[in-house]
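As provided, my_file.txt (compact mmCIF, C-alpha atoms) reads as follows.
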# COMPACT_ATOMS: atom_id res chain seq x y z
CA HIS L 1 16.35 -29.73 197.35
CA PRO L 2 19.99 -30.39 198.38
CA LEU L 3 20.51 -32.77 195.44
CA TYR L 4 19.76 -29.97 192.98
CA PRO L 5 21.33 -26.77 194.36
CA SER L 6 21.78 -25.34 190.86
CA PHE L 7 18.05 -25.21 190.10
CA PRO L 8 16.72 -21.69 189.34
CA PRO L 9 14.49 -20.13 192.05
CA ILE L 10 11.24 -20.73 190.16
CA ARG L 11 11.92 -24.49 190.01
CA LYS L 12 12.93 -24.59 193.66
CA MET L 13 9.66 -22.84 194.49
CA GLY L 14 7.74 -25.35 192.39
CA LEU L 15 9.42 -28.27 194.20
CA ALA L 16 8.62 -26.68 197.55
CA VAL L 17 4.94 -26.23 196.65
CA LEU L 18 4.72 -29.78 195.32
CA SER L 19 6.34 -31.16 198.49
CA ALA L 20 3.91 -29.19 200.66
CA VAL L 21 0.92 -30.52 198.71
CA MET L 22 2.16 -34.10 198.99
CA VAL L 23 2.66 -33.73 202.75
CA TYR L 24 -0.87 -32.31 203.04
CA LEU L 25 -2.33 -35.20 201.03
CA ALA L 26 -0.52 -37.69 203.24
CA THR L 27 -2.45 -36.38 206.25
CA GLN L 28 -5.86 -36.69 204.57
CA THR L 29 -8.01 -39.80 204.65
CA SER L 30 -11.04 -38.52 202.77
CA ALA L 31 -11.16 -39.29 199.06
CA ARG L 32 -13.16 -36.10 198.57
CA VAL L 33 -10.02 -34.18 199.51
CA TRP L 34 -7.14 -35.97 197.85
CA VAL L 35 -8.81 -37.20 194.64
CA PRO L 36 -9.57 -33.67 193.29
CA VAL L 37 -6.16 -32.42 194.40
CA LEU L 38 -4.45 -35.38 192.77
CA LEU L 39 -6.36 -34.82 189.53
CA ALA L 40 -5.41 -31.13 189.64
CA LEU L 41 -1.75 -32.10 190.07
CA LEU L 42 -1.94 -34.44 187.09
CA VAL L 43 -3.51 -31.72 184.95
CA ALA L 44 -0.85 -29.23 186.08
CA LEU L 45 1.89 -31.76 185.32
CA GLY L 46 0.47 -32.40 181.86
CA LEU L 47 0.29 -28.66 181.17
CA TYR L 48 3.85 -28.20 182.43
CA LEU L 49 5.18 -30.97 180.17
CA TRP L 50 3.20 -29.67 177.18
CA MET L 51 4.64 -26.19 177.62
CA ARG L 52 8.15 -27.64 177.83
CA ARG L 53 7.87 -29.87 174.75
CA VAL L 54 10.83 -29.44 172.47
CA ARG L 55 10.80 -26.97 169.62
CA LEU L 56 13.15 -28.16 166.92
CA SER L 57 16.20 -26.01 166.31
CA ASP L 58 16.27 -23.96 163.14
CA GLY L 59 18.97 -24.69 160.58
CA GLU L 60 21.37 -27.64 160.53
CA LYS L 61 22.75 -27.48 164.09
CA PHE L 62 20.93 -29.48 166.73
CA ARG L 63 20.84 -29.95 170.48
CA VAL L 64 21.74 -33.58 171.19
CA ALA L 65 21.79 -35.48 174.48
CA PHE L 66 23.26 -38.93 175.03
CA VAL L 67 21.68 -41.09 177.74
CA HIS L 68 23.91 -43.91 178.99
CA PRO L 69 23.52 -45.97 182.19
CA ASP L 70 27.15 -46.13 183.34
CA LEU L 71 29.80 -43.94 181.70
CA GLY L 72 32.84 -46.04 182.54
CA ILE L 73 35.35 -47.79 180.27
CA GLY L 74 34.05 -50.26 177.71
CA GLY L 75 33.09 -50.75 174.10
CA ALA L 76 29.63 -49.20 174.48
CA GLU L 77 31.11 -46.20 176.27
CA ARG L 78 33.79 -45.77 173.61
CA LEU L 79 31.11 -45.74 170.94
CA VAL L 80 28.93 -43.05 172.53
CA VAL L 81 31.95 -40.90 173.47
CA ASP L 82 33.27 -40.99 169.89
CA ALA L 83 29.78 -40.25 168.53
CA ALA L 84 29.32 -37.35 170.95
CA VAL L 85 32.73 -35.84 170.17
CA GLY L 86 32.10 -36.25 166.45
CA LEU L 87 28.74 -34.47 166.62
CA GLN L 88 30.28 -31.72 168.75
CA GLN L 89 33.05 -31.21 166.19
CA LEU L 90 30.36 -30.78 163.53
CA GLY L 91 28.95 -27.85 165.50
CA HIS L 92 26.07 -29.53 167.31
CA SER L 93 25.42 -28.90 171.02
CA VAL L 94 26.04 -32.12 172.98
CA VAL L 95 25.45 -33.13 176.62
CA MET L 96 25.86 -36.59 178.14
CA TYR L 97 23.56 -37.91 180.88
CA THR L 98 24.34 -40.92 183.01
CA SER L 99 23.60 -42.57 186.35
CA HIS L 100 27.29 -43.07 187.15
CA HIS L 101 30.51 -41.37 186.12
CA ASP L 102 33.83 -41.73 187.89
CA PRO L 103 36.35 -39.37 186.22
CA LYS L 104 39.17 -41.63 187.44
CA HIS L 105 37.67 -44.64 185.64
CA ALA L 106 36.36 -43.14 182.41
CA PHE L 107 37.52 -42.07 178.98
CA ALA L 108 39.49 -38.82 178.96
CA GLU L 109 36.94 -36.91 176.86
CA THR L 110 34.37 -37.24 179.67
CA ALA L 111 36.78 -36.05 182.37
CA ASP L 112 38.87 -33.30 180.76
CA GLY L 113 36.01 -30.98 179.81
CA THR L 114 35.75 -32.02 176.16
CA LEU L 115 32.22 -33.30 176.83
CA GLN L 116 29.71 -32.00 179.36
CA VAL L 117 28.54 -34.82 181.63
CA LYS L 118 25.55 -34.67 183.99
CA VAL L 119 24.99 -37.39 186.60
CA HIS L 120 21.63 -38.18 188.23
CA GLY L 121 20.81 -41.15 190.46
CA ASP L 122 24.25 -42.37 191.48
CA PHE L 123 23.02 -42.70 195.07
CA PHE L 124 21.02 -45.81 194.09
CA PRO L 125 22.97 -49.08 194.57
CA ARG L 126 23.89 -51.20 191.55
CA SER L 127 22.85 -54.39 193.34
CA VAL L 128 22.19 -55.95 196.75
CA PHE L 129 24.68 -58.63 197.75
CA GLY L 130 25.59 -59.03 194.09
CA ARG L 131 21.96 -59.69 193.11
CA LEU L 132 19.06 -57.80 191.49
CA HIS L 133 21.25 -55.96 188.96
CA ILE L 134 18.48 -55.55 186.39
CA LEU L 135 16.05 -54.24 189.02
CA PHE L 136 18.38 -51.49 190.19
CA ALA L 137 19.49 -50.70 186.62
CA THR L 138 15.82 -50.15 185.82
CA ILE L 139 15.31 -47.93 188.88
CA ARG L 140 18.37 -45.85 188.06
CA GLY L 141 17.30 -45.51 184.43
CA VAL L 142 13.76 -44.45 185.33
CA TYR L 143 15.04 -41.89 187.85
CA LEU L 144 17.48 -40.44 185.31
CA ALA L 145 14.71 -40.12 182.73
CA ILE L 146 12.28 -38.46 185.16
CA VAL L 147 14.88 -35.88 186.17
CA MET L 148 15.56 -35.13 182.51
CA VAL L 149 11.85 -34.77 181.75
CA MET L 150 11.09 -32.55 184.72
CA PHE L 151 14.16 -30.38 185.17
CA GLU L 152 16.67 -30.59 182.32
CA PRO L 153 16.70 -28.52 179.10
CA ARG L 154 15.03 -29.84 175.97
CA TYR L 155 16.94 -31.42 173.08
CA ASP L 156 16.16 -32.05 169.44
CA VAL L 157 17.51 -35.60 169.58
CA LEU L 158 18.05 -38.01 172.47
CA VAL L 159 20.48 -40.86 171.80
CA VAL L 160 19.59 -43.56 174.33
CA ASP L 161 22.24 -46.23 174.63
CA GLN L 162 22.17 -49.76 176.02
CA LEU L 163 19.24 -49.40 178.48
CA SER L 164 15.84 -48.76 176.88
CA VAL L 165 13.71 -48.23 180.01
CA PRO L 166 14.05 -44.40 179.87
CA ASN L 167 12.32 -44.28 176.47
CA PRO L 168 8.64 -44.00 177.54
CA PHE L 169 9.45 -41.15 179.93
CA LEU L 170 11.72 -39.35 177.46
CA ARG L 171 8.96 -39.40 174.85
CA LEU L 172 7.16 -36.86 177.04
CA THR L 173 9.78 -34.30 176.02
CA GLY L 174 8.76 -34.39 172.37
CA SER L 175 12.36 -35.06 171.34
CA ARG L 176 13.23 -37.58 168.64
CA ILE L 177 14.65 -40.73 170.24
CA VAL L 178 17.43 -42.83 168.73
CA PHE L 179 18.08 -46.09 170.57
CA TYR L 180 21.38 -47.92 170.04
CA CYS L 181 21.07 -51.65 170.78
CA HIS L 182 24.40 -53.40 171.32
CA PHE L 183 22.64 -56.70 172.08
CA PRO L 184 19.25 -57.59 173.62
CA ASP L 185 19.76 -57.72 177.38
CA LEU L 186 17.43 -60.67 177.83
CA LYS L 187 19.91 -62.71 175.76
CA LEU L 188 22.74 -61.83 178.16
CA SER L 189 21.17 -62.90 181.45
CA GLY L 190 22.74 -66.37 181.45
CA ARG L 191 21.17 -69.67 182.37
CA ARG L 192 17.72 -69.45 183.89
CA GLY L 193 16.01 -71.68 186.39
CA ALA L 194 12.30 -71.48 187.13
CA LEU L 195 12.71 -68.77 189.79
CA LYS L 196 14.99 -66.59 187.65
CA SER L 197 12.66 -66.97 184.67
CA VAL L 198 9.75 -65.63 186.72
CA TYR L 199 11.91 -62.78 188.07
CA ARG L 200 13.15 -61.82 184.59
CA LEU L 201 9.81 -62.05 182.78
CA PRO L 202 8.52 -58.50 183.51
CA PHE L 203 11.93 -57.01 182.68
CA ASP L 204 12.09 -58.93 179.38
CA LEU L 205 8.62 -57.70 178.39
CA LEU L 206 9.54 -54.18 179.48
CA GLU L 207 12.73 -54.28 177.40
CA GLU L 208 10.86 -55.18 174.22
CA TRP L 209 8.12 -52.58 174.73
CA THR L 210 10.45 -49.72 175.64
CA THR L 211 12.96 -50.54 172.89
CA LEU L 212 10.30 -50.33 170.19
CA LEU L 213 9.19 -46.89 171.42
CA ALA L 214 12.26 -45.29 169.84
CA ASP L 215 11.87 -43.35 166.59
CA VAL L 216 15.04 -44.94 165.19
CA ILE L 217 16.70 -48.17 166.34
CA LEU L 218 20.36 -48.79 165.54
CA VAL L 219 22.41 -51.97 166.01
CA ASN L 220 26.15 -52.56 165.74
CA SER L 221 26.20 -55.37 163.16
CA ARG L 222 24.11 -57.52 160.83
CA PHE L 223 24.50 -60.34 163.36
CA THR L 224 22.92 -58.20 166.10
CA SER L 225 20.21 -57.16 163.64
CA ARG L 226 19.31 -60.81 163.10
CA VAL L 227 19.28 -61.52 166.85
CA PHE L 228 17.16 -58.38 167.35
CA ARG L 229 14.51 -59.62 164.90
CA GLU L 230 14.49 -63.09 166.46
CA THR L 231 14.17 -61.65 169.97
CA PHE L 232 11.72 -58.77 169.51
CA ARG L 233 9.14 -60.43 167.28
CA SER L 234 6.64 -57.57 167.62
CA ALA L 235 9.03 -55.18 165.85
CA VAL L 236 7.46 -53.84 162.65
CA HIS L 237 10.67 -52.50 161.08
CA ASP L 238 14.18 -53.91 160.98
CA PRO L 239 16.84 -51.92 162.87
CA THR L 240 19.49 -49.99 160.95
CA VAL L 241 23.08 -51.22 161.15
CA LEU L 242 25.51 -48.49 162.24
CA TYR L 243 28.98 -49.83 162.87
CA PRO L 244 30.98 -48.36 165.78
CA SER L 245 33.23 -45.54 164.66
CA ILE L 246 37.02 -45.59 164.81
CA ASN L 247 39.08 -42.54 165.70
CA LEU L 248 41.70 -42.98 162.98
CA ALA L 249 43.56 -39.84 164.06
CA ALA L 250 44.66 -41.69 167.21
CA TYR L 251 46.74 -44.06 165.04
CA ASP L 252 48.64 -41.21 163.38
CA GLU L 253 50.36 -40.26 166.63
CA PRO L 254 53.56 -42.00 167.84
CA PRO L 255 53.13 -44.42 170.77
CA PRO L 256 53.54 -42.92 174.26
CA ALA L 257 57.02 -42.78 175.76
CA GLY L 258 58.13 -46.05 177.30
CA ILE L 259 55.73 -48.23 175.34
CA GLN L 260 58.44 -49.44 172.93
CA SER L 261 60.29 -51.17 175.76
CA THR L 262 57.33 -53.33 176.79
CA GLU L 263 56.86 -56.98 175.85
CA LEU L 264 53.43 -56.20 174.41
CA TYR L 265 54.86 -53.62 172.00
CA ARG L 266 57.50 -56.08 170.78
CA ILE L 267 54.78 -58.66 170.11
CA LEU L 268 52.64 -56.19 168.18
CA ASP L 269 55.64 -54.93 166.23
CA THR L 270 57.04 -58.29 165.17
CA HIS L 271 54.03 -60.62 164.84
CA ALA L 272 50.67 -60.75 163.09
CA THR L 273 48.51 -60.24 166.15
CA PHE L 274 44.86 -60.84 167.00
CA VAL L 275 43.58 -58.70 169.90
CA SER L 276 40.47 -59.38 171.98
CA ILE L 277 39.49 -56.59 174.37
CA ASN L 278 36.67 -57.40 176.79
CA ARG L 279 35.68 -57.33 180.40
CA PHE L 280 36.61 -60.68 181.90
CA GLU L 281 33.10 -61.97 182.43
CA ARG L 282 31.54 -65.30 181.52
CA LYS L 283 28.96 -63.71 179.23
CA LYS L 284 31.79 -62.29 177.08
CA ASP L 285 32.97 -65.87 176.35
CA VAL L 286 36.63 -64.93 175.96
CA GLY L 287 37.40 -68.61 175.46
CA LYS L 288 35.79 -68.41 172.03
CA ALA L 289 38.69 -66.21 170.87
CA VAL L 290 41.18 -68.84 172.06
CA ARG L 291 39.29 -71.67 170.34
CA ALA L 292 38.96 -69.68 167.10
CA PHE L 293 42.67 -68.83 167.17
CA ALA L 294 43.53 -72.53 167.66
CA LEU L 295 41.53 -73.45 164.53
CA LEU L 296 44.13 -71.63 162.44
CA ALA L 297 46.93 -74.02 163.44
CA PRO L 298 46.15 -76.95 161.08
CA HIS L 299 45.61 -74.57 158.16
CA LEU L 300 48.84 -72.58 158.54
CA GLY L 301 51.32 -75.26 159.60
CA GLY L 302 54.64 -73.72 160.62
CA ARG L 303 53.44 -70.20 159.87
CA PHE L 304 51.13 -70.46 162.88
CA ARG L 305 54.16 -69.74 165.10
CA GLU L 306 54.30 -66.25 163.60
CA LEU L 307 50.87 -65.38 165.02
CA ARG L 308 49.99 -64.10 168.48
CA LEU L 309 46.71 -63.70 170.38
CA VAL L 310 46.43 -60.98 173.01
CA LEU L 311 43.54 -61.05 175.50
CA ALA L 312 43.08 -57.74 177.32
CA GLY L 313 40.46 -56.50 179.75
CA GLY L 314 39.68 -53.53 181.92
CA ASP L 315 39.99 -53.60 185.69
CA ASP L 316 36.65 -52.77 187.29
CA PRO L 317 36.53 -53.62 191.02
CA ARG L 318 32.72 -53.32 190.98
CA GLY L 319 32.46 -56.51 188.91
CA ALA L 320 33.31 -59.61 190.93
CA GLU L 321 33.93 -61.79 187.84
CA ASN L 322 36.05 -59.12 186.18

Could I get this structure in the form of structure tokens?
Amino acid sequence: HPLYPSFPPIRKMGLAVLSAVMVYLATQTSARVWVPVLLALLVALGLYLWMRRVRLSDGEKFRVAFVHPDLGIGGAERLVVDAAVGLQQLGHSVVMYTSHHDPKHAFAETADGTLQVKVHGDFFPRSVFGRLHILFATIRGVYLAIVMVMFEPRYDVLVVDQLSVPNPFLRLTGSRIVFYCHFPDLKLSGRRGALKSVYRLPFDLLEEWTTLLADVILVNSRFTSRVFRETFRSAVHDPTVLYPSINLAAYDEPPPAGIQSTELYRILDTHATFVSINRFERKKDVGKAVRAFALLAPHLGGRFRELRLVLAGGDDPRGAEN
């Protein structure tokens, strides 16, 4: 298959045989022909997956894969990149899987060879005329998971981030699954009319079911943990709070050349500064930072003039609002 030129010969042969069988079945109309063949294919697939189930690594070093829908620039991406680099520095084997990765619009560790990144499914669109985002995110996530199940190496642990729909497929690998929930997606879909509610219903149910399939569920704060429990009422256990890591070593280095001459640097150097870094989208509610900052004024009096608020956001041309 031209999309997978690096596959070993035995897998290419298997794909060729499977393609030939599917073409043959497509020409048959008799159930007596295609039902037994289809059952035989299912049995063969089950045997193949059983033979490829993961065998846990011996010792304290593990094979870890991160599964993330879009490896661009954002808070979720910063978290998984830092986690992946940290695990790699501890001696674990780490690979990152994603449906989209543009080295020109991504964190340096994913583009300079520090982390190995594999991309599957980027040929699917993200939306159609700015609509159906969740549908295509689901399709891309399912495709990525199927490719990993069928053709990628096995890992001791799979860290699935942000999008939970790969979980039921990834369970076929036998790997332990850790799901990191930044916030329930069904809470981020905005206002819903009758039509949108009907459209979202199967995806909301799918999100809850697939999220709870993980062996371990992590959230980024006690606030998100509370929202998680309120949203996914069928959850038996509470998620574990794991705060995003901070690369403190980055603060030990002097600022890059030329930064000192900028207005932003002068503000940071001479004022007590609050910084809000987000994509500029309505669901991020950047205005809340402005309103919260304004509430300080009556409490601080003249000292309020010593404070500054900086709102910063990434430039992503794929997001119309941003």

If we count all atoms listed in the file, what is near L:Gly91 at a cut-off of 12 Å, once residues fewer than 5 positions away on the same chain are taken out, given as a list in words? Gly59, Glu60, Lys61, Phe62, Arg63, Val64, Ala84, Val85 and Gly86 of chain L

For those residues, write C-alpha atoms to a file as an mmCIF file, in the frame of the given file.
data_model
loop_
_atom_site.group_PDB
_atom_site.id
_atom_site.type_symbol
_atom_site.label_atom_id
_atom_site.label_comp_id
_atom_site.auth_asym_id
_atom_site.auth_seq_id
_atom_site.Cartn_x
_atom_site.Cartn_y
_atom_site.Cartn_z
ATOM 1 C CA GLY L 59 18.970 -24.690 160.580
ATOM 2 C CA GLU L 60 21.370 -27.640 160.530
ATOM 3 C CA LYS L 61 22.750 -27.480 164.090
ATOM 4 C CA PHE L 62 20.930 -29.480 166.730
ATOM 5 C CA ARG L 63 20.840 -29.950 170.480
ATOM 6 C CA VAL L 64 21.740 -33.580 171.190
ATOM 7 C CA ALA L 84 29.320 -37.350 170.950
ATOM 8 C CA VAL L 85 32.730 -35.840 170.170
ATOM 9 C CA GLY L 86 32.100 -36.250 166.450
#

Which of these residues is nearest to L:Arg222, using only C-alpha atoms: L:Arg176, L:His271, L:Arg200, L:His182? L:His182

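The coordinates place atom CA of L:Val81 at 11.2 Å from atom CA of L:Ala111.
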
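Considering the residues L:Gln116, L:Gln89, L:Ser261, L:Gln162 and counting all atoms listed in the file, L:His101 has its shortest atom-to-atom contact with L:Gln116.
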
Skip L:Leu188 itself and residues of its chain fewer than 5 positions away, then list as a PyMOL selection string all residues within 12 Å of it, counting only C-alpha atoms. chain L and resi 134+182-183+200+204+227+231+281-285

Quick one, how far is atom CA of L:Ser164 from atom CA of L:Pro125? 19.1 Å

List every protein, DNA or RNA residue with an atom no more than 12 Å from (53.3, -59.6, 173.1) in the file's coordinates, counting all atoms listed in the file, and format the result as a ChimeraX atom specification. /L:259-275,306-312

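In this structure, atom CA of L:His100 sits 6.9 Å away from atom CA of L:Pro69.
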
Name the residues in contact with L:Ala235 at a cut-off of 12 Å, using all atoms listed in the file, excluding same-chain residues fewer than 6 positions from it; report them as a PyMOL selection string. chain L and resi 208-214+216-217+225+228-229

Find the residue from L:Ala108, L:Val17, L:Phe293, L:Tyr199 that sits nearest to L:His133; use only C-alpha atoms when measuring. L:Tyr199

Kindly add all heavy atoms to the incomplete stretch 154-165 of chain L and provide the output as a compact mmCIF listing (two decimals), in the frame of the given file.
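Result file follows (selection23.txt):
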# COMPACT_ATOMS: atom_id res chain seq x y z
N ARG L 154 15.54 -29.00 177.04
CA ARG L 154 15.03 -29.84 175.97
C ARG L 154 16.06 -29.97 174.85
O ARG L 154 16.87 -29.09 174.62
CB ARG L 154 13.72 -29.26 175.42
CG ARG L 154 12.56 -29.35 176.42
CD ARG L 154 12.24 -30.80 176.72
NE ARG L 154 11.10 -30.95 177.61
CZ ARG L 154 11.18 -31.40 178.84
NH1 ARG L 154 12.37 -31.70 179.36
NH2 ARG L 154 10.10 -31.55 179.58
N TYR L 155 15.99 -31.13 174.16
CA TYR L 155 16.94 -31.42 173.08
C TYR L 155 16.17 -31.85 171.84
O TYR L 155 15.07 -32.40 171.93
CB TYR L 155 17.91 -32.53 173.52
CG TYR L 155 18.74 -32.14 174.71
CD1 TYR L 155 18.32 -32.43 176.01
CD2 TYR L 155 19.94 -31.45 174.56
CE1 TYR L 155 19.07 -32.05 177.11
CE2 TYR L 155 20.70 -31.08 175.66
CZ TYR L 155 20.25 -31.38 176.94
OH TYR L 155 20.99 -31.00 178.02
N ASP L 156 16.78 -31.61 170.69
CA ASP L 156 16.16 -32.05 169.44
C ASP L 156 16.20 -33.57 169.31
O ASP L 156 15.24 -34.19 168.87
CB ASP L 156 16.90 -31.43 168.25
CG ASP L 156 16.86 -29.91 168.28
OD1 ASP L 156 15.75 -29.35 168.28
OD2 ASP L 156 17.93 -29.28 168.33
N VAL L 157 17.32 -34.15 169.71
CA VAL L 157 17.51 -35.60 169.58
C VAL L 157 18.08 -36.15 170.88
O VAL L 157 19.00 -35.57 171.47
CB VAL L 157 18.48 -35.94 168.42
CG1 VAL L 157 18.67 -37.45 168.31
CG2 VAL L 157 17.97 -35.37 167.11
N LEU L 158 17.53 -37.28 171.32
CA LEU L 158 18.05 -38.01 172.47
C LEU L 158 18.58 -39.35 171.97
O LEU L 158 17.83 -40.15 171.39
CB LEU L 158 16.95 -38.25 173.51
CG LEU L 158 16.31 -37.00 174.13
CD1 LEU L 158 15.12 -37.40 175.00
CD2 LEU L 158 17.33 -36.22 174.93
N VAL L 159 19.87 -39.59 172.17
CA VAL L 159 20.48 -40.86 171.80
C VAL L 159 20.56 -41.72 173.05
O VAL L 159 21.39 -41.48 173.93
CB VAL L 159 21.88 -40.66 171.19
CG1 VAL L 159 22.46 -42.01 170.75
CG2 VAL L 159 21.81 -39.71 170.00
N VAL L 160 19.66 -42.68 173.16
CA VAL L 160 19.59 -43.56 174.33
C VAL L 160 20.39 -44.81 174.02
O VAL L 160 20.16 -45.47 173.00
CB VAL L 160 18.13 -43.90 174.67
CG1 VAL L 160 18.06 -44.76 175.93
CG2 VAL L 160 17.31 -42.63 174.84
N ASP L 161 21.30 -45.15 174.90
CA ASP L 161 22.24 -46.23 174.63
C ASP L 161 22.11 -47.33 175.66
O ASP L 161 22.03 -47.07 176.86
CB ASP L 161 23.68 -45.67 174.64
CG ASP L 161 24.71 -46.72 174.30
OD1 ASP L 161 24.67 -47.23 173.17
OD2 ASP L 161 25.54 -47.05 175.17
N GLN L 162 22.05 -48.56 175.19
CA GLN L 162 22.17 -49.76 176.02
C GLN L 162 20.92 -50.09 176.84
O GLN L 162 20.44 -51.22 176.82
CB GLN L 162 23.38 -49.63 176.95
CG GLN L 162 24.02 -50.94 177.35
CD GLN L 162 25.37 -50.73 178.00
OE1 GLN L 162 25.55 -49.84 178.83
NE2 GLN L 162 26.33 -51.55 177.64
N LEU L 163 20.39 -49.15 177.61
CA LEU L 163 19.24 -49.40 178.48
C LEU L 163 18.03 -48.64 177.93
O LEU L 163 18.05 -47.41 177.86
CB LEU L 163 19.56 -48.94 179.91
CG LEU L 163 18.50 -49.24 180.97
CD1 LEU L 163 18.38 -50.75 181.19
CD2 LEU L 163 18.84 -48.54 182.28
N SER L 164 16.98 -49.37 177.57
CA SER L 164 15.84 -48.76 176.88
C SER L 164 14.74 -48.26 177.81
O SER L 164 13.82 -47.57 177.36
CB SER L 164 15.23 -49.78 175.90
OG SER L 164 14.74 -50.92 176.60
N VAL L 165 14.81 -48.57 179.10
CA VAL L 165 13.71 -48.23 180.01
C VAL L 165 13.44 -46.73 180.12
O VAL L 165 12.30 -46.34 180.40
CB VAL L 165 13.97 -48.85 181.41
CG1 VAL L 165 15.10 -48.14 182.13
CG2 VAL L 165 12.72 -48.85 182.25
